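Step one of this worksheet: look at the structure below.
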Amino acid sequence: MHSIKTAYQMISDENFYLYKVRESSEYDHFSTLSDEMILHVFKWLPKKTLMKCSLVNRRFLRLTQDETLWARMDLAGRSLRPEAVGRVITRGVIILRLAQTKIIDPIFEPDFFIRFDQFESKLQYLDLSMASVTVASLHQLLKTCRQLRKLSLEHLQLSDRVCEEIAQNTNLEVLNLALCSGVRSRGLRSLLTRLNRLQSLNISWTNLETESVAILVETMSLTILRLNIAGCRKTLTDEHLSTLVDRCPNIRELDVSDCNLLTVEVVRILNGLRELEYLSLSRCYNISVYALMDFQFMPSLNYLDIFGMLSDNQLKVIINSLSSIGINKFINSAVARPTVGTRRTSIWGLRTRD
């Protein structure tokens with residue numbers, strides 16, 4: 001009882017304070033800060049918080065729309081409302097990840113191109129891999145893109161018109177069209193005749209017809225360094241490959257897996273690629289184990305994938321004979337793909353999240 005009484009006296013003592021109430025002030029300290037200082041604060045905020053800040057007052061609304069705050073965005077795996085993508089790209093986004101995103105039509109507001117006459121987005125890096133988007137919406141989106149440097153449309157439905165819009169991005173360096181459908185000779189010709197700076201192209205498993213394969217090897221950009229044309233089971237021949245090697249002798253990575261018409265002649269042809277570092281011939285069943293031995297005369301070759309071609313004993317012979325070459329080190333091709341392995345917060349090595 002004595003201790004309780006003592007405590008009560010301490011609380012009652014006018015000289016004892018549990019806390020001090022701060023005097024309220026109506027003065028707006030933010031008003032003394034410059035726009036540059038507030039933007040420096042805003043750049044550390046998540047995008048959702050920025051949206052809430054835009055509701056505070058007119059000044060915050062104006063500052064939260066500054067392009068420096070929206071340079072990169074990651075909307076992968078989401079379901080976007082109609083017209084949402086249109087609003088996003090008008091904020092000046094440069095790096096945009098929409099992989100496996102469901103994009104609901106329409107992609108732009110009905111009067112978008114009236115209010116934004118001749119609009120051109122600032123997108124340079126765009127990943128739409130395995131997104132759910134109609135051909136019409138894809139065409140409309142790409143119609144606003146003229147500054148793309150790296151683009152992934154893996155597993156999407158394309159058209160000649162879509163290919164023609166891609167071709168308008170003459171500074172494009174990396175293009176991933178793996179598993180795409182709708183790639184035809186007309187669209188392919190539009191792409192390759194205009195993309196003169198292309199360094200990395202993945203056009204594997206797109207069911208290219210013989211005419212399209214011929215266009216591919218005859219008009220391929222001279223700057224190409226990495227190329228994946230796997231899956232041309234009945235269309236890519238030794239002659240096609242010879243044409244490609246003669247035209248593009250600086251190729252460093254080449255994947256021609258599952259091209260069943262290729263023969264042992266390929267080994268001699270590929271010797272023309274003096275800078276070739278990686279080669280995949282997986283499931284090219286007409287190339288014998290003895291022909292593969294000749295790759296020992298390619299000093300630049302570091303990796304050779306030949307999955308599904310040899311028995312265990314034959315594979316051991318190859319590994320021993322080509323001791324300086326890594327055999328069957330990569331199951332999946334990384335050519336032109338925006339993400340490799342478990343990395344899901346960046347595309348082509350660039351962060352997509354702040």
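We label chains A, B, ... in the order they appear in the structure tokens, count residues from 1 in each chain, and number ligands from 1 in the order shown.
Backbone DSSP over range 115-153 of chain A yields helix (DSSP H, G or I) at A:Arg115, A:Val135, A:Ala136, A:Ser137, A:Leu138, A:His139, A:Gln140, A:Leu141, A:Leu142.
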Discussion item. Can you pull out the residues contacting range 141-153 of chain A? Cut-off 7 Å, using only C-alpha atoms, and skip same-chain residues under 2 positions away; I want them as a PyMOL selection string.
Written reply: chain A and resi 119-129+137-139+155-156+165-166+168-169+171-177+337-338
Worksheet item: Contacts of Ser282 in chain A at 6 Å or less, counting only C-alpha atoms, minus same-chain residues fewer than 4 places along, as a PyMOL selection string?
Response: chain A and resi 257+305-307
Would you export the selected residues with N, CA and C atoms as a PDB file, in the first residue's frame, please?
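Ended up saving to selection_7.pdb:
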ATOM      1  N   SER A 257      18.993 -25.838 -82.404  1.00  0.00           N
ATOM      2  CA  SER A 257      18.437 -27.086 -81.875  1.00  0.00           C
ATOM      3  C   SER A 257      17.179 -27.485 -82.635  1.00  0.00           C
ATOM      4  N   ASP A 305      26.135 -27.578 -76.696  1.00  0.00           N
ATOM      5  CA  ASP A 305      25.000 -28.347 -76.191  1.00  0.00           C
ATOM      6  C   ASP A 305      24.535 -29.327 -77.257  1.00  0.00           C
ATOM      7  N   ILE A 306      24.477 -30.610 -76.894  1.00  0.00           N
ATOM      8  CA  ILE A 306      24.071 -31.669 -77.817  1.00  0.00           C
ATOM      9  C   ILE A 306      23.114 -32.635 -77.106  1.00  0.00           C
ATOM     10  N   PHE A 307      22.164 -32.071 -76.387  1.00  0.00           N
ATOM     11  CA  PHE A 307      21.204 -32.880 -75.638  1.00  0.00           C
ATOM     12  C   PHE A 307      20.411 -33.787 -76.583  1.00  0.00           C
TER      13      PHE A 307
END
Fill in: Distance in Å - CA of Met51 in chain A versus CA of Phe108 in chain A
19.8 Å
Item to complete: Would you mind reading off the distance between CA of Leu201 in chain A and CA of Ile229 in chain A, one decimal, in Å?
Response: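 The value is 8.5 Å.
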Worksheet entry | Nearest candidate to Arg197 in chain A (options A:Ala131, A:Leu301, A:Val183, A:Met220; using only C-alpha atoms) | A:Met220
Worksheet item: Do you have the CA of Cys180 in chain A-CA of Leu261 in chain A distance handy?
Response: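 Calculated distance between CA of Cys180 in chain A and CA of Leu261 in chain A is 22.0 Å.
Within range 111-228 of chain A, DSSP applied to the backbone places the following residues in strand (DSSP E or B): Tyr125, Leu126, Asp127, Ser132, Lys150, Leu151, Ser152, Gln157, Val174, Leu175, Asn176, Ser181, Ser200, Leu201, Asn202, Arg226, Leu227 and Asn228 of chain A.
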Written selection (all heavy atoms) as a tab-separated table (two decimals), in the first residue's frame:
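Contents of selection-v4.tsv, freshly written:
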chain	number	residue	atom	x	y	z
A	125	TYR	N	12.76	-0.15	-73.02
A	125	TYR	CA	12.90	-1.55	-72.63
A	125	TYR	C	11.51	-2.06	-72.24
A	125	TYR	O	10.94	-1.63	-71.24
A	125	TYR	CB	13.87	-1.69	-71.46
A	125	TYR	CG	15.21	-1.05	-71.72
A	125	TYR	CD1	15.45	0.28	-71.39
A	125	TYR	CD2	16.24	-1.78	-72.33
A	125	TYR	CE1	16.67	0.87	-71.66
A	125	TYR	CE2	17.47	-1.18	-72.60
A	125	TYR	CZ	17.67	0.14	-72.26
A	125	TYR	OH	18.88	0.73	-72.52
A	126	LEU	N	10.98	-2.99	-73.02
A	126	LEU	CA	9.61	-3.45	-72.82
A	126	LEU	C	9.56	-4.98	-72.83
A	126	LEU	O	9.97	-5.62	-73.80
A	126	LEU	CB	8.71	-2.89	-73.92
A	126	LEU	CG	7.24	-3.34	-73.93
A	126	LEU	CD1	6.54	-3.01	-72.63
A	126	LEU	CD2	6.52	-2.74	-75.13
A	127	ASP	N	9.05	-5.55	-71.74
A	127	ASP	CA	8.90	-6.99	-71.63
A	127	ASP	C	7.43	-7.36	-71.54
A	127	ASP	O	6.77	-7.07	-70.55
A	127	ASP	CB	9.64	-7.49	-70.37
A	127	ASP	CG	9.51	-9.00	-70.19
A	127	ASP	OD1	9.07	-9.68	-71.13
A	127	ASP	OD2	9.85	-9.50	-69.09
A	132	SER	N	-1.21	-11.53	-71.64
A	132	SER	CA	-2.50	-11.77	-72.27
A	132	SER	C	-2.94	-10.46	-72.90
A	132	SER	O	-3.38	-9.54	-72.20
A	132	SER	CB	-3.53	-12.25	-71.23
A	132	SER	OG	-4.81	-12.37	-71.82
A	150	LYS	N	15.21	-2.70	-76.52
A	150	LYS	CA	15.10	-4.12	-76.22
A	150	LYS	C	13.62	-4.45	-76.03
A	150	LYS	O	12.91	-3.76	-75.31
A	150	LYS	CB	15.91	-4.49	-74.98
A	150	LYS	CG	17.41	-4.24	-75.16
A	150	LYS	CD	18.23	-4.70	-73.97
A	150	LYS	CE	19.71	-4.42	-74.22
A	150	LYS	NZ	20.57	-4.88	-73.09
A	151	LEU	N	13.19	-5.53	-76.68
A	151	LEU	CA	11.76	-5.88	-76.69
A	151	LEU	C	11.59	-7.38	-76.62
A	151	LEU	O	12.25	-8.13	-77.33
A	151	LEU	CB	11.12	-5.34	-77.98
A	151	LEU	CG	9.66	-5.74	-78.25
A	151	LEU	CD1	8.73	-5.16	-77.19
A	151	LEU	CD2	9.24	-5.29	-79.65
A	152	SER	N	10.66	-7.82	-75.76
A	152	SER	CA	10.33	-9.24	-75.67
A	152	SER	C	8.83	-9.42	-75.82
A	152	SER	O	8.05	-8.86	-75.05
A	152	SER	CB	10.78	-9.83	-74.33
A	152	SER	OG	10.40	-11.20	-74.24
A	157	GLN	N	0.65	-13.68	-79.90
A	157	GLN	CA	0.13	-13.73	-81.26
A	157	GLN	C	0.52	-12.44	-81.98
A	157	GLN	O	0.20	-11.35	-81.51
A	157	GLN	CB	-1.39	-13.89	-81.24
A	157	GLN	CG	-2.05	-13.78	-82.60
A	157	GLN	CD	-1.80	-14.99	-83.48
A	157	GLN	OE1	-1.77	-16.12	-82.99
A	157	GLN	NE2	-1.61	-14.77	-84.77
A	174	VAL	N	17.88	-5.75	-79.25
A	174	VAL	CA	17.52	-7.09	-78.76
A	174	VAL	C	16.04	-7.33	-79.01
A	174	VAL	O	15.19	-6.49	-78.66
A	174	VAL	CB	17.82	-7.22	-77.25
A	174	VAL	CG1	17.33	-8.56	-76.72
A	174	VAL	CG2	19.31	-7.06	-76.98
A	175	LEU	N	15.71	-8.48	-79.62
A	175	LEU	CA	14.32	-8.82	-79.93
A	175	LEU	C	14.07	-10.29	-79.62
A	175	LEU	O	14.75	-11.17	-80.15
A	175	LEU	CB	14.02	-8.53	-81.40
A	175	LEU	CG	12.61	-8.87	-81.90
A	175	LEU	CD1	11.56	-8.11	-81.10
A	175	LEU	CD2	12.49	-8.58	-83.39
A	176	ASN	N	13.09	-10.53	-78.75
A	176	ASN	CA	12.74	-11.91	-78.38
A	176	ASN	C	11.34	-12.23	-78.89
A	176	ASN	O	10.34	-11.71	-78.39
A	176	ASN	CB	12.78	-12.07	-76.85
A	176	ASN	CG	12.38	-13.47	-76.41
A	176	ASN	OD1	12.50	-14.43	-77.17
A	176	ASN	ND2	11.91	-13.60	-75.18
A	181	SER	N	3.39	-16.80	-82.55
A	181	SER	CA	2.67	-17.28	-83.72
A	181	SER	C	2.35	-16.08	-84.61
A	181	SER	O	2.35	-14.94	-84.16
A	181	SER	CB	1.37	-17.99	-83.30
A	181	SER	OG	0.58	-17.13	-82.50
A	200	SER	N	20.91	-9.17	-81.01
A	200	SER	CA	20.45	-10.42	-80.40
A	200	SER	C	19.01	-10.69	-80.83
A	200	SER	O	18.13	-9.85	-80.62
A	200	SER	CB	20.55	-10.32	-78.87
A	200	SER	OG	20.19	-11.54	-78.26
A	201	LEU	N	18.77	-11.86	-81.44
A	201	LEU	CA	17.44	-12.22	-81.93
A	201	LEU	C	17.11	-13.66	-81.54
A	201	LEU	O	17.89	-14.58	-81.80
A	201	LEU	CB	17.38	-12.07	-83.45
A	201	LEU	CG	16.09	-12.60	-84.12
A	201	LEU	CD1	14.87	-11.80	-83.66
A	201	LEU	CD2	16.23	-12.56	-85.65
A	202	ASN	N	15.94	-13.83	-80.92
A	202	ASN	CA	15.43	-15.16	-80.61
A	202	ASN	C	14.12	-15.33	-81.37
A	202	ASN	O	13.12	-14.70	-81.04
A	202	ASN	CB	15.19	-15.31	-79.10
A	202	ASN	CG	14.88	-16.76	-78.72
A	202	ASN	OD1	14.38	-17.53	-79.51
A	202	ASN	ND2	15.19	-17.11	-77.47
A	226	ARG	N	24.11	-12.74	-81.45
A	226	ARG	CA	23.46	-13.86	-80.77
A	226	ARG	C	22.16	-14.19	-81.49
A	226	ARG	O	21.30	-13.32	-81.63
A	226	ARG	CB	23.21	-13.51	-79.30
A	226	ARG	CG	24.50	-13.27	-78.54
A	226	ARG	CD	24.27	-12.66	-77.17
A	226	ARG	NE	25.55	-12.48	-76.50
A	226	ARG	CZ	26.34	-11.43	-76.67
A	226	ARG	NH1	25.95	-10.45	-77.49
A	226	ARG	NH2	27.49	-11.34	-76.04
A	227	LEU	N	22.02	-15.45	-81.89
A	227	LEU	CA	20.88	-15.84	-82.71
A	227	LEU	C	20.36	-17.21	-82.29
A	227	LEU	O	21.11	-18.16	-82.18
A	227	LEU	CB	21.27	-15.86	-84.19
A	227	LEU	CG	20.20	-16.30	-85.19
A	227	LEU	CD1	19.02	-15.35	-85.17
A	227	LEU	CD2	20.80	-16.40	-86.59
A	228	ASN	N	19.03	-17.28	-82.08
A	228	ASN	CA	18.38	-18.55	-81.77
A	228	ASN	C	17.29	-18.79	-82.80
A	228	ASN	O	16.29	-18.07	-82.85
A	228	ASN	CB	17.77	-18.51	-80.36
A	228	ASN	CG	17.21	-19.86	-79.93
A	228	ASN	OD1	16.96	-20.73	-80.75
A	228	ASN	ND2	17.01	-20.03	-78.64
Discussion item. As a ChimeraX atom specification, please: the residues near Gly308 in chain A (cut-off 9 Å, only C-alpha atoms, same-chain neighbours under 6 positions excluded).
Written reply: /A:282-285
Fill in: Near-Asp238 in chain A list (9 Å; only C-alpha atoms; drop same-chain fewer than 2 positions) as a PyMOL selection string
chain A and resi 236+240-243+261-266+269
Next, the residues of the selection above should be written as a CSV table (one decimal), in the first residue's frame with N, CA, C and O atoms.
chain,number,residue,atom,x,y,z
A,236,LEU,N,15.0,-25.5,-92.1
A,236,LEU,CA,16.3,-25.0,-92.1
A,236,LEU,C,17.3,-26.1,-92.6
A,236,LEU,O,17.4,-27.2,-92.1
A,240,HIS,N,21.0,-23.1,-96.1
A,240,HIS,CA,20.5,-21.9,-95.4
A,240,HIS,C,21.6,-21.4,-94.4
A,240,HIS,O,21.9,-20.2,-94.3
A,241,LEU,N,22.1,-22.4,-93.6
A,241,LEU,CA,23.1,-22.1,-92.6
A,241,LEU,C,24.4,-21.6,-93.2
A,241,LEU,O,25.0,-20.6,-92.7
A,242,SER,N,24.7,-22.1,-94.4
A,242,SER,CA,25.9,-21.6,-95.1
A,242,SER,C,25.7,-20.1,-95.5
A,242,SER,O,26.7,-19.3,-95.4
A,243,THR,N,24.5,-19.8,-96.0
A,243,THR,CA,24.2,-18.4,-96.4
A,243,THR,C,24.3,-17.5,-95.1
A,243,THR,O,24.9,-16.4,-95.2
A,261,LEU,N,17.0,-31.2,-90.5
A,261,LEU,CA,17.5,-31.4,-91.8
A,261,LEU,C,19.0,-31.1,-91.9
A,261,LEU,O,19.6,-31.4,-92.9
A,262,LEU,N,19.6,-30.6,-90.8
A,262,LEU,CA,21.0,-30.3,-90.8
A,262,LEU,C,21.8,-31.6,-90.8
A,262,LEU,O,21.4,-32.6,-90.1
A,263,THR,N,22.9,-31.7,-91.5
A,263,THR,CA,23.7,-32.9,-91.6
A,263,THR,C,25.1,-32.6,-91.1
A,263,THR,O,25.4,-31.5,-90.6
A,264,VAL,N,26.0,-33.6,-91.3
A,264,VAL,CA,27.4,-33.5,-90.8
A,264,VAL,C,28.1,-32.3,-91.5
A,264,VAL,O,29.1,-31.8,-91.0
A,265,GLU,N,27.6,-31.9,-92.7
A,265,GLU,CA,28.2,-30.7,-93.4
A,265,GLU,C,28.2,-29.5,-92.5
A,265,GLU,O,29.0,-28.6,-92.7
A,266,VAL,N,27.3,-29.4,-91.6
A,266,VAL,CA,27.2,-28.2,-90.7
A,266,VAL,C,28.5,-28.0,-89.9
A,266,VAL,O,28.8,-26.8,-89.7
A,269,ILE,N,30.7,-26.0,-92.1
A,269,ILE,CA,30.1,-24.7,-92.3
A,269,ILE,C,30.4,-23.8,-91.1
A,269,ILE,O,30.8,-22.6,-91.2
Worksheet item: Which one of A:Ile347, A:Ile325, A:Cys53, A:Val162 sits closest to Asp74 in chain A if you count only C-alpha atoms?
Response: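 Nearest to Asp74 in chain A: A:Ile347.
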Worksheet item: Between A:Phe42, A:Glu154, A:Ser321, A:Glu67, which one has atoms that come closest to Ser54 in chain A, using only C-alpha atoms?
Response: A:Phe42
Discussion item. Using only C-alpha atoms, which protein or nucleic acid residues come within 10 Å of Asp294 in chain A? Drop anything in the same chain fewer than 5 positions from it, and give the result as an NGL selection string.
Written reply: :A and (267-268 or 271 or 289 or 321-322)
For the selection just defined, write its residues with N, CA and C atoms to a file, as an mmCIF file, in the first residue's frame.
data_model
loop_
_atom_site.group_PDB
_atom_site.id
_atom_site.type_symbol
_atom_site.label_atom_id
_atom_site.label_comp_id
_atom_site.auth_asym_id
_atom_site.auth_seq_id
_atom_site.Cartn_x
_atom_site.Cartn_y
_atom_site.Cartn_z
ATOM 1 N N VAL A 267 29.162 -28.985 -89.532
ATOM 2 C CA VAL A 267 30.399 -28.795 -88.765
ATOM 3 C C VAL A 267 31.414 -28.008 -89.592
ATOM 4 N N ARG A 268 31.539 -28.358 -90.848
ATOM 5 C CA ARG A 268 32.470 -27.619 -91.719
ATOM 6 C C ARG A 268 31.989 -26.179 -91.919
ATOM 7 N N ASN A 271 32.648 -23.821 -89.006
ATOM 8 C CA ASN A 271 34.055 -23.440 -88.824
ATOM 9 C C ASN A 271 34.328 -22.050 -89.383
ATOM 10 N N VAL A 289 28.390 -38.551 -84.096
ATOM 11 C CA VAL A 289 29.347 -38.293 -83.018
ATOM 12 C C VAL A 289 30.741 -38.028 -83.582
ATOM 13 N N SER A 321 37.177 -36.083 -75.523
ATOM 14 C CA SER A 321 37.848 -35.599 -76.736
ATOM 15 C C SER A 321 37.844 -34.081 -76.825
ATOM 16 N N LEU A 322 36.767 -33.458 -76.341
ATOM 17 C CA LEU A 322 36.652 -32.000 -76.387
ATOM 18 C C LEU A 322 36.777 -31.446 -74.969
#
